[in-house]
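Visitor: Below are the structure tokens for one structure; questions will follow.
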2 protein chains.
Amino acid sequence: MQDFYPSRCAARAEVLLRLDPVVHRSWDVTAPLSREQAVQFEEQGYLILENVFSEHEVKLLQSETRELLDDPSALDPYTIVTESGGDEVRSIFRIHEQNAQLARLVADERLAGVARFLLDDDIYVHQSRLNYKPGFKGKEFYWHSDFETWHVEDGMPRMRALSMSILLAPNTPNNGPLMVMPGSHRKYVTCVGQTPDNHYLMSLKKQEYGVPDETILTELAGEHGIVAPLGDPGTVVVFDCNLMHGSNGNITPFGRSNAFIVYNAVTNRLARPFGATKPRPLFIASREAKPLCSVSGPLMESAT
Amino acid sequence: MQDFYPSRCAARAEVLLRLDPVVHRSWDVTAPLSREQAVQFEEQGYLILENVFSEHEVKLLQSETRELLDDPSALDPYTIVTESGGDEVRSIFRIHEQNAQLARLVADERLAGVARFLLDDDIYVHQSRLNYKPGFKGKEFYWHSDFETWHVEDGMPRMRALSMSILLAPNTPNNGPLMVMPGSHRKYVTCVGQTPDNHYLMSLKKQEYGVPDETILTELAGEHGIVAPLGDPGTVVVFDCNLMHGSNGNITPFGRSNAFIVYNAVTNRLARPFGATKPRPLFIASREAKPLCSVSGPLMESAT
């Protein structure tokens, strides 16, 4: 398969053009987003959807995710990623296959409908996870484009995927919120350095390969600026697979958690990795592209 | 001398009452601050003074501080503190005795006049430094009250000192700005753990003693909230010696630097440390309380 987005194979980092659309379907009145929202996503590469989930639904999700944290023994141990140099849980992967309520969440039409519209295709869950940035000692996530990693290490052919972060705690300016460079999704920033085997064991804690060049980041930030999409629990932040993003650490007492879902177009299912000898494990990158059946209506106590 | 603010001597951290005023002089029309500003400082423990220094003065200070960074060989090596685990400069101390322009800065009536009013006394420079938080890898400063350290390790008897941070780069929500808990200066949070000898060699990089308890910080933050006083270069942030403050790391490309001056009332000059066997070096804490002679007018190219 042709590699439209080569990375980690040249001696110098480069900025290439994006070859794929951002909003893949033309907007019409049947779209689950307003025209303004579609334009904002196209131009900025992200969208804040407020109050997608009710207070009651948020409480449900919070109690469910707290249970997962409190009893990690019920989980596949490979899906639990702890902080670098500590044993505090940083992420739990593949949550929608380990918990009925989270399976229901990823299938929710309020999310899936938006993804299907923006990607103009049937969709499947490429990755799901619960991110937990604790108070006092939450670590930073350095700048990266998800797509660069998904392409090189997982074999995602084109830019036809997006992420949704369902906020489960207030994201304030001070507790290490997601930061994005609006508009950066229209450029493809290649990285240098070959990917070592089993890189994911380290990169989920602290990225060392697939890290963009500081000079390019400075130019990008100068041109596009940096914005932190904030919100209360129940807010959903949608962002393009190629948007440059990261987050600072968190010394405030206020932890931050979110459920994180990556939807990919079924026609964009994974091929052989474009820059690694073997693909990453399935809990990080699904290789089965079965179209998602979505469910309408509110989340309820007993998800089935 | 009686210890009004014992800390690092009990097994449990406590919240004690502040025994000293915050604004030491009564406000009248001759004050260098408005009545509202005096009330704000009294209640919140900090104050943002915008555009204290002109664009031209800011450029002067920036070029002067850049020279210090670019040629550290001209400085007393003991006054240079590098990042923990790196050799990037984090702070340069005692800058007003190593550079004529910075000597002029600390004597500036626009700063000294405010300090003299708030402290109702002649003042001297307890500490001065240039703080530099680089882009991409700027580290966090954990929560602390300066006074707790100055009292225990330096022997500052009472709360009659304040800090001024002269911003030399934009402080945005995203580049790890100073965060404060407004109103926390009215409480004294004691710490646990004896102070080891020569603690300053480590604590200036990464604090391990004199660190407030997480439960108390959570209560304080819940009660007082957390605010980041932001501003453009030329802005001065004034804050009380006992205000709980800290800052997150900085992964943005935008470094952050400021000149930092601590003014102490001459009648509050240092005694023997209240919790350490020997005082910290003079470049961190001046033991000479010679009243500062202030200078009016703008900063000029050739400071003498």
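Chain labels run A, B, ... following the order of the structure tokens; each chain numbers its residues from 1, and ligands are numbered from 1 in the order shown.
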Would you mind listing, for every residue of chain B within 12 Å of chain A, the two atoms forming the shortest contact and the distance between them in Å to one decimal, using only C-alpha atoms, sorted by chain and ascending residue number, as a tab-separated table?
Guide:
```
residue	atom	partner	partner_atom	distance
B:Gly135	CA	A:Thr218	CA	9.4
B:Phe136	CA	A:Glu214	CA	7.8
B:Lys137	CA	A:Tyr142	CA	9.1
B:Gly138	CA	A:Asn248	CA	9.7
B:Lys139	CA	A:Gly249	CA	8.9
B:Glu140	CA	A:Ile251	CA	7.7
B:Phe141	CA	A:Ile251	CA	8.4
B:Tyr142	CA	A:Ile251	CA	6.5
B:Trp143	CA	A:Ile251	CA	7.6
B:His144	CA	A:Ile251	CA	11.3
B:Thr172	CA	A:Pro173	CA	9.8
B:Pro173	CA	A:Pro173	CA	6.0
B:Asn174	CA	A:Pro173	CA	7.4
B:Asn175	CA	A:Asn248	CA	8.4
B:Gly176	CA	A:Asn248	CA	7.8
B:Pro177	CA	A:Asn174	CA	9.0
B:Leu178	CA	A:Asn174	CA	10.0
B:Met179	CA	A:Asn174	CA	7.9
B:Val180	CA	A:Thr252	CA	10.3
B:Met181	CA	A:Thr252	CA	10.2
B:Val211	CA	A:Phe136	CA	11.6
B:Pro212	CA	A:Phe136	CA	11.1
B:Asp213	CA	A:Phe136	CA	10.6
B:Glu214	CA	A:Pro253	CA	7.5
B:Thr215	CA	A:Pro253	CA	8.9
B:Ile216	CA	A:Pro253	CA	9.9
B:Leu217	CA	A:Pro253	CA	7.0
B:Thr218	CA	A:Pro253	CA	5.4
B:Glu219	CA	A:Pro253	CA	9.0
B:Leu220	CA	A:Pro253	CA	9.6
B:Ala221	CA	A:Pro253	CA	7.2
B:Gly222	CA	A:Pro253	CA	8.8
B:Gly225	CA	A:Thr252	CA	10.0
B:Ile226	CA	A:Asn174	CA	7.7
B:Val227	CA	A:Asn174	CA	8.0
B:Ala228	CA	A:Asn174	CA	7.6
B:Pro229	CA	A:Asn174	CA	11.4
B:Leu230	CA	A:Pro173	CA	11.6
B:Met244	CA	A:Thr252	CA	11.6
B:His245	CA	A:Thr252	CA	10.2
B:Gly246	CA	A:Ile251	CA	7.9
B:Ser247	CA	A:Ile251	CA	7.3
B:Asn248	CA	A:Gly249	CA	5.9
B:Gly249	CA	A:Gly249	CA	5.9
B:Asn250	CA	A:Asn248	CA	6.0
B:Ile251	CA	A:Asn248	CA	6.0
B:Thr252	CA	A:Ala221	CA	8.0
B:Pro253	CA	A:Thr218	CA	5.4
B:Phe254	CA	A:Thr218	CA	8.0
B:Gly255	CA	A:Thr218	CA	10.8
```
Visitor: Contacts of Cys293 (chain A) at 10 Å or less, counting only C-alpha atoms, minus same-chain residues fewer than 6 places along, as JSON, numbers by chain?
Guide: {"A": [106, 107, 108, 109, 112, 122, 123, 124]}
Visitor: Run DSSP on the backbone and give me the residues of region 125-269 of chain A it puts in helix (DSSP H, G or I), as a PyMOL selection string.
Guide: chain A and resi 146-154+184-186+200-203+214-224+266-268
Visitor: Export, as a compact mmCIF listing (two decimals), in the first residue's frame, the selected residues with N, CA, C and O atoms.
Guide:
```txt
# COMPACT_ATOMS: atom_id res chain seq x y z
N ASP A 146 -1.82 12.56 16.80
CA ASP A 146 -2.15 11.14 16.97
C ASP A 146 -1.94 10.39 15.66
O ASP A 146 -1.43 9.27 15.65
N PHE A 147 -2.33 11.03 14.58
CA PHE A 147 -2.28 10.33 13.29
C PHE A 147 -0.86 9.87 12.95
O PHE A 147 -0.67 8.78 12.40
N GLU A 148 0.12 10.69 13.28
CA GLU A 148 1.50 10.30 12.95
C GLU A 148 1.81 8.93 13.56
O GLU A 148 2.36 8.04 12.89
N THR A 149 1.45 8.77 14.82
CA THR A 149 1.70 7.48 15.48
C THR A 149 0.81 6.38 14.90
O THR A 149 1.27 5.27 14.63
N TRP A 150 -0.47 6.68 14.71
CA TRP A 150 -1.39 5.65 14.21
C TRP A 150 -0.98 5.19 12.82
O TRP A 150 -1.18 4.03 12.45
N HIS A 151 -0.44 6.10 12.03
CA HIS A 151 0.01 5.78 10.69
C HIS A 151 1.28 4.92 10.75
O HIS A 151 1.34 3.82 10.20
N VAL A 152 2.28 5.43 11.45
CA VAL A 152 3.60 4.76 11.46
C VAL A 152 3.54 3.45 12.24
O VAL A 152 4.05 2.43 11.77
N GLU A 153 2.91 3.47 13.41
CA GLU A 153 3.00 2.30 14.28
C GLU A 153 1.82 1.34 14.13
O GLU A 153 1.93 0.16 14.46
N ASP A 154 0.66 1.86 13.68
CA ASP A 154 -0.52 1.00 13.58
C ASP A 154 -0.91 0.69 12.14
O ASP A 154 -1.65 -0.25 11.89
N SER A 184 -3.61 23.41 12.90
CA SER A 184 -2.40 22.62 12.64
C SER A 184 -2.73 21.28 11.99
O SER A 184 -1.85 20.63 11.43
N HIS A 185 -4.00 20.87 12.02
CA HIS A 185 -4.41 19.58 11.44
C HIS A 185 -4.29 19.59 9.91
O HIS A 185 -4.38 18.55 9.28
N ARG A 186 -4.10 20.77 9.32
CA ARG A 186 -4.00 20.85 7.86
C ARG A 186 -2.57 20.61 7.37
O ARG A 186 -2.30 20.65 6.17
N TYR A 200 5.56 1.00 22.15
CA TYR A 200 4.34 1.40 22.88
C TYR A 200 4.48 1.22 24.39
O TYR A 200 3.88 1.95 25.17
N LEU A 201 5.30 0.25 24.82
CA LEU A 201 5.44 0.02 26.25
C LEU A 201 5.96 1.26 26.96
O LEU A 201 5.62 1.53 28.10
N MET A 202 6.79 2.03 26.26
CA MET A 202 7.28 3.28 26.83
C MET A 202 6.44 4.48 26.40
O MET A 202 6.19 5.37 27.19
N SER A 203 6.03 4.50 25.13
CA SER A 203 5.47 5.74 24.57
C SER A 203 4.15 6.12 25.22
O SER A 203 3.78 7.27 25.23
N GLU A 214 11.30 20.83 17.71
CA GLU A 214 11.00 22.07 18.44
C GLU A 214 10.89 23.29 17.51
O GLU A 214 10.07 24.17 17.75
N THR A 215 11.71 23.32 16.48
CA THR A 215 11.64 24.47 15.56
C THR A 215 10.29 24.49 14.85
O THR A 215 9.66 25.55 14.71
N ILE A 216 9.84 23.32 14.41
CA ILE A 216 8.54 23.25 13.73
C ILE A 216 7.41 23.58 14.70
O ILE A 216 6.48 24.32 14.36
N LEU A 217 7.50 23.08 15.92
CA LEU A 217 6.46 23.39 16.91
C LEU A 217 6.39 24.89 17.18
O LEU A 217 5.31 25.46 17.34
N THR A 218 7.55 25.53 17.23
CA THR A 218 7.59 26.97 17.49
C THR A 218 6.91 27.73 16.34
O THR A 218 6.11 28.65 16.57
N GLU A 219 7.21 27.30 15.10
CA GLU A 219 6.57 27.93 13.93
C GLU A 219 5.06 27.70 13.95
O GLU A 219 4.27 28.62 13.75
N LEU A 220 4.67 26.45 14.21
CA LEU A 220 3.24 26.12 14.24
C LEU A 220 2.51 26.94 15.31
O LEU A 220 1.44 27.49 15.05
N ALA A 221 3.10 27.00 16.49
CA ALA A 221 2.45 27.72 17.59
C ALA A 221 2.40 29.21 17.29
O ALA A 221 1.42 29.89 17.64
N GLY A 222 3.45 29.72 16.64
CA GLY A 222 3.46 31.13 16.28
C GLY A 222 2.37 31.44 15.27
O GLY A 222 1.69 32.46 15.35
N GLU A 223 2.18 30.53 14.33
CA GLU A 223 1.19 30.76 13.27
C GLU A 223 -0.24 30.49 13.76
O GLU A 223 -1.16 31.26 13.45
N HIS A 224 -0.43 29.42 14.50
CA HIS A 224 -1.78 28.99 14.85
C HIS A 224 -2.21 29.35 16.27
O HIS A 224 -3.38 29.28 16.61
N VAL A 266 -14.58 2.98 8.41
CA VAL A 266 -14.33 1.56 8.14
C VAL A 266 -13.46 1.36 6.89
O VAL A 266 -12.67 0.42 6.82
N THR A 267 -13.60 2.27 5.92
CA THR A 267 -12.77 2.14 4.71
C THR A 267 -11.32 2.55 4.96
O THR A 267 -10.48 2.41 4.09
N ASN A 268 -11.06 3.06 6.14
CA ASN A 268 -9.71 3.49 6.50
C ASN A 268 -9.07 2.51 7.49
O ASN A 268 -8.16 2.85 8.23
```
Visitor: Neighbouring residues of Trp27 (chain A) were defined as those with any atom within 12 Å, considering only C-alpha atoms; residues of the same chain fewer than 2 positions away were excluded. Please report them as a list of chain:residue names.
Guide: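 Listed by chain and then number, they are A:Val23, A:His24, A:Arg25, A:Val29, A:Thr30, A:Ala31, A:Pro32, A:Leu33, A:Ser34, A:Arg35, A:Glu36, A:Gln37, A:Ala38, A:Val39, A:Phe41, A:Glu42, A:Val114, A:Phe117, A:Leu118, A:Leu119, A:Asp120.
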Visitor: Atoms to include: N, CA, C and O atoms. Write the selected residues as a CSV table (one decimal), in the first residue's frame.
Guide:
```csv
chain,number,residue,atom,x,y,z
A,23,VAL,N,-13.6,17.6,7.0
A,23,VAL,CA,-15.0,17.3,7.1
A,23,VAL,C,-15.2,16.5,5.8
A,23,VAL,O,-15.2,17.1,4.7
A,24,HIS,N,-15.5,15.2,5.9
A,24,HIS,CA,-15.5,14.4,4.7
A,24,HIS,C,-16.9,14.5,3.9
A,24,HIS,O,-16.9,14.2,2.7
A,25,ARG,N,-17.9,14.8,4.7
A,25,ARG,CA,-19.3,14.9,4.0
A,25,ARG,C,-19.7,16.3,3.8
A,25,ARG,O,-19.4,17.1,4.7
A,29,VAL,N,-28.9,20.1,5.9
A,29,VAL,CA,-29.7,20.3,7.1
A,29,VAL,C,-29.9,19.1,8.0
A,29,VAL,O,-30.3,19.1,9.1
A,30,THR,N,-29.6,17.9,7.4
A,30,THR,CA,-29.8,16.7,8.1
A,30,THR,C,-28.5,16.4,9.0
A,30,THR,O,-28.5,15.4,9.8
A,31,ALA,N,-27.5,17.2,8.9
A,31,ALA,CA,-26.3,16.9,9.6
A,31,ALA,C,-26.5,17.1,11.1
A,31,ALA,O,-27.3,17.9,11.6
A,32,PRO,N,-25.8,16.3,12.0
A,32,PRO,CA,-26.0,16.4,13.4
A,32,PRO,C,-25.2,17.6,14.0
A,32,PRO,O,-25.1,17.8,15.2
A,33,LEU,N,-24.6,18.4,13.2
A,33,LEU,CA,-23.9,19.6,13.6
A,33,LEU,C,-24.5,20.8,12.8
A,33,LEU,O,-24.9,20.6,11.7
A,34,SER,N,-24.4,22.0,13.4
A,34,SER,CA,-24.7,23.2,12.6
A,34,SER,C,-23.7,23.5,11.5
A,34,SER,O,-22.6,22.9,11.6
A,35,ARG,N,-24.0,24.3,10.6
A,35,ARG,CA,-23.1,24.6,9.5
A,35,ARG,C,-21.8,25.3,10.1
A,35,ARG,O,-20.7,25.0,9.7
A,36,GLU,N,-22.1,26.2,11.2
A,36,GLU,CA,-21.0,26.9,11.8
A,36,GLU,C,-20.0,25.9,12.5
A,36,GLU,O,-18.8,26.0,12.5
A,37,GLN,N,-20.7,24.9,13.1
A,37,GLN,CA,-19.8,23.8,13.8
A,37,GLN,C,-19.0,23.1,12.8
A,37,GLN,O,-17.8,22.8,13.0
A,38,ALA,N,-19.6,22.8,11.6
A,38,ALA,CA,-18.8,22.0,10.6
A,38,ALA,C,-17.7,22.9,10.1
A,38,ALA,O,-16.6,22.4,9.9
A,39,VAL,N,-17.9,24.2,9.9
A,39,VAL,CA,-16.9,25.1,9.4
A,39,VAL,C,-15.8,25.2,10.5
A,39,VAL,O,-14.6,25.2,10.1
A,41,PHE,N,-14.9,23.0,12.7
A,41,PHE,CA,-14.1,21.8,12.7
A,41,PHE,C,-13.2,21.7,11.5
A,41,PHE,O,-12.0,21.4,11.6
A,42,GLU,N,-13.7,22.1,10.4
A,42,GLU,CA,-12.9,22.2,9.1
A,42,GLU,C,-11.7,23.1,9.3
A,42,GLU,O,-10.5,22.7,9.0
A,114,VAL,N,-22.1,12.1,15.0
A,114,VAL,CA,-21.2,13.2,14.7
A,114,VAL,C,-20.0,12.7,13.9
A,114,VAL,O,-19.6,13.2,12.9
A,117,PHE,N,-21.0,11.5,10.4
A,117,PHE,CA,-21.1,12.7,9.5
A,117,PHE,C,-19.7,13.3,9.1
A,117,PHE,O,-19.4,13.4,7.9
A,118,LEU,N,-18.9,13.5,10.1
A,118,LEU,CA,-17.6,14.1,9.8
A,118,LEU,C,-16.7,13.2,8.9
A,118,LEU,O,-16.0,13.7,8.1
A,119,LEU,N,-16.8,11.9,9.1
A,119,LEU,CA,-16.0,11.0,8.4
A,119,LEU,C,-16.7,10.5,7.1
A,119,LEU,O,-16.0,9.8,6.3
A,120,ASP,N,-18.0,10.7,7.0
A,120,ASP,CA,-18.8,10.3,5.9
A,120,ASP,C,-18.6,8.8,5.5
A,120,ASP,O,-18.3,8.4,4.4
```
Visitor: Leaving out Glu88 (chain A) and any residue of its chain fewer than 3 positions from it, which residues lie within 10 Å of it when counting only C-alpha atoms, given as a VMD selection string?
Guide: chain A and resid 69 80 to 85 91 132 to 134 137 to 138
Visitor: Take the residues just selected and output them with N, CA and C atoms as a tab-separated table (two decimals), in the first residue's frame.
Guide:
```tsv
chain	number	residue	atom	x	y	z
A	69	LEU	N	-11.09	2.30	38.34
A	69	LEU	CA	-9.84	2.72	38.98
A	69	LEU	C	-9.64	2.03	40.33
A	80	ILE	N	-3.78	-1.47	31.41
A	80	ILE	CA	-3.58	-0.43	32.44
A	80	ILE	C	-2.19	0.17	32.28
A	81	VAL	N	-2.14	1.48	32.08
A	81	VAL	CA	-0.85	2.16	31.92
A	81	VAL	C	-0.66	3.08	33.12
A	82	THR	N	0.47	2.91	33.82
A	82	THR	CA	0.73	3.73	35.00
A	82	THR	C	1.66	4.88	34.65
A	83	GLU	N	1.74	5.86	35.57
A	83	GLU	CA	2.60	7.02	35.37
A	83	GLU	C	4.06	6.55	35.27
A	84	SER	N	4.83	7.22	34.44
A	84	SER	CA	6.26	6.96	34.34
A	84	SER	C	6.89	7.20	35.71
A	85	GLY	N	7.57	6.20	36.24
A	85	GLY	CA	8.21	6.34	37.54
A	85	GLY	C	7.24	6.32	38.72
A	91	SER	N	-3.77	5.70	32.31
A	91	SER	CA	-4.82	5.38	31.33
A	91	SER	C	-5.25	3.93	31.49
A	132	TYR	N	-6.66	9.46	33.09
A	132	TYR	CA	-6.77	10.00	34.43
A	132	TYR	C	-5.51	10.79	34.76
A	133	LYS	N	-5.67	12.10	34.92
A	133	LYS	CA	-4.53	12.93	35.31
A	133	LYS	C	-4.77	13.33	36.75
A	134	PRO	N	-4.04	12.73	37.69
A	134	PRO	CA	-4.31	12.99	39.10
A	134	PRO	C	-3.96	14.42	39.49
A	137	LYS	N	0.23	15.72	41.14
A	137	LYS	CA	1.39	15.19	40.41
A	137	LYS	C	1.07	14.68	39.02
A	138	GLY	N	0.00	15.20	38.42
A	138	GLY	CA	-0.32	14.79	37.05
A	138	GLY	C	0.80	15.21	36.11
```
Visitor: If we count only C-alpha atoms, what is near Ala115 (chain B) at a cut-off of 9 Å, once residues fewer than 4 positions away on the same chain are taken out, given as a PyMOL selection string?
Guide: chain B and resi 111+119-123+161-164+238+263-265
Visitor: Now that the selection is made, can you save its residues with N, CA, C and O atoms as a PDB file, in the first residue's frame?
Guide:
```
ATOM      1  N   LEU B 111       8.192  50.494  42.270  1.00  0.00           N
ATOM      2  CA  LEU B 111       8.105  49.235  43.022  1.00  0.00           C
ATOM      3  C   LEU B 111       8.308  49.500  44.516  1.00  0.00           C
ATOM      4  O   LEU B 111       7.496  49.091  45.354  1.00  0.00           O
ATOM      5  N   LEU B 119       4.121  47.723  53.544  1.00  0.00           N
ATOM      6  CA  LEU B 119       4.825  47.208  54.724  1.00  0.00           C
ATOM      7  C   LEU B 119       4.968  48.274  55.813  1.00  0.00           C
ATOM      8  O   LEU B 119       5.357  47.960  56.945  1.00  0.00           O
ATOM      9  N   ASP B 120       4.659  49.521  55.481  1.00  0.00           N
ATOM     10  CA  ASP B 120       4.707  50.642  56.428  1.00  0.00           C
ATOM     11  C   ASP B 120       6.042  50.728  57.160  1.00  0.00           C
ATOM     12  O   ASP B 120       6.077  50.778  58.398  1.00  0.00           O
ATOM     13  N   ASP B 121       7.105  50.710  56.381  1.00  0.00           N
ATOM     14  CA  ASP B 121       8.436  50.730  57.000  1.00  0.00           C
ATOM     15  C   ASP B 121       9.441  51.031  55.889  1.00  0.00           C
ATOM     16  O   ASP B 121       9.115  50.936  54.706  1.00  0.00           O
ATOM     17  N   ASP B 122      10.653  51.353  56.305  1.00  0.00           N
ATOM     18  CA  ASP B 122      11.735  51.309  55.327  1.00  0.00           C
ATOM     19  C   ASP B 122      11.881  49.854  54.890  1.00  0.00           C
ATOM     20  O   ASP B 122      11.551  48.938  55.652  1.00  0.00           O
ATOM     21  N   ILE B 123      12.393  49.683  53.687  1.00  0.00           N
ATOM     22  CA  ILE B 123      12.487  48.332  53.157  1.00  0.00           C
ATOM     23  C   ILE B 123      13.904  48.030  52.676  1.00  0.00           C
ATOM     24  O   ILE B 123      14.689  48.944  52.451  1.00  0.00           O
ATOM     25  N   ALA B 161       6.736  41.128  54.677  1.00  0.00           N
ATOM     26  CA  ALA B 161       7.556  41.106  53.466  1.00  0.00           C
ATOM     27  C   ALA B 161       6.622  40.808  52.306  1.00  0.00           C
ATOM     28  O   ALA B 161       5.511  40.284  52.502  1.00  0.00           O
ATOM     29  N   LEU B 162       7.060  41.119  51.110  1.00  0.00           N
ATOM     30  CA  LEU B 162       6.244  40.813  49.936  1.00  0.00           C
ATOM     31  C   LEU B 162       7.143  40.611  48.728  1.00  0.00           C
ATOM     32  O   LEU B 162       8.312  41.003  48.724  1.00  0.00           O
ATOM     33  N   SER B 163       6.567  39.995  47.722  1.00  0.00           N
ATOM     34  CA  SER B 163       7.323  39.716  46.499  1.00  0.00           C
ATOM     35  C   SER B 163       6.737  40.489  45.339  1.00  0.00           C
ATOM     36  O   SER B 163       5.534  40.741  45.296  1.00  0.00           O
ATOM     37  N   MET B 164       7.606  40.846  44.411  1.00  0.00           N
ATOM     38  CA  MET B 164       7.138  41.451  43.158  1.00  0.00           C
ATOM     39  C   MET B 164       7.757  40.672  42.011  1.00  0.00           C
ATOM     40  O   MET B 164       8.969  40.447  41.979  1.00  0.00           O
ATOM     41  N   VAL B 238       2.293  41.659  42.441  1.00  0.00           N
ATOM     42  CA  VAL B 238       2.756  41.833  43.819  1.00  0.00           C
ATOM     43  C   VAL B 238       2.060  40.785  44.659  1.00  0.00           C
ATOM     44  O   VAL B 238       0.839  40.616  44.539  1.00  0.00           O
ATOM     45  N   TYR B 263      10.918  42.282  48.961  1.00  0.00           N
ATOM     46  CA  TYR B 263      11.188  43.391  49.863  1.00  0.00           C
ATOM     47  C   TYR B 263      10.770  42.994  51.273  1.00  0.00           C
ATOM     48  O   TYR B 263       9.685  42.446  51.480  1.00  0.00           O
ATOM     49  N   ASN B 264      11.621  43.291  52.220  1.00  0.00           N
ATOM     50  CA  ASN B 264      11.288  43.028  53.618  1.00  0.00           C
ATOM     51  C   ASN B 264      11.366  44.337  54.390  1.00  0.00           C
ATOM     52  O   ASN B 264      12.158  45.221  54.054  1.00  0.00           O
ATOM     53  N   ALA B 265      10.535  44.469  55.422  1.00  0.00           N
ATOM     54  CA  ALA B 265      10.592  45.645  56.294  1.00  0.00           C
ATOM     55  C   ALA B 265      11.896  45.596  57.092  1.00  0.00           C
ATOM     56  O   ALA B 265      12.282  44.522  57.581  1.00  0.00           O
TER      57      ALA B 265
END
```
Visitor: Name the residues of region 160-287 of chain B that fall into strand (DSSP E or B) according to DSSP on the backbone, using the chain letters and numbers of this document, as a count of residues only.
Guide: 35
Visitor: Which residue gives the smallest distance to Ala11 (chain A) among A:Leu61, A:Val52, A:Met156, A:Val192, with only C-alpha atoms counted?
Guide: A:Val192
Visitor: Can you pull out the residues contacting Gly234 (chain A)? Cut-off 6 Å, using only C-alpha atoms, and skip same-chain residues under 2 positions away; I want them as a PyMOL selection string.
Guide: chain A and resi 51-53+58+167
Visitor: Asp232 (chain A): which residues within 8 Å, counting only C-alpha atoms, same-chain residues fewer than 6 positions away excluded, as a ChimeraX atom specification?
Guide: /A:50,167-171
Visitor: Ranking A:Pro21, A:Val15, A:Gln127, A:Asp76 by minimum distance to Ile284 (chain A) and counting only C-alpha atoms, which one comes first?
Guide: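 The shortest atom-to-atom distance to Ile284 (chain A) comes from A:Gln127.
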Visitor: So, with only C-alpha atoms as the atoms that count, which of A:Gln101, A:Asn242, A:Ser296, A:Ser286 lies closest to Leu19 (chain A)?
Guide: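 For Leu19 (chain A), the nearest of the candidates is A:Asn242.
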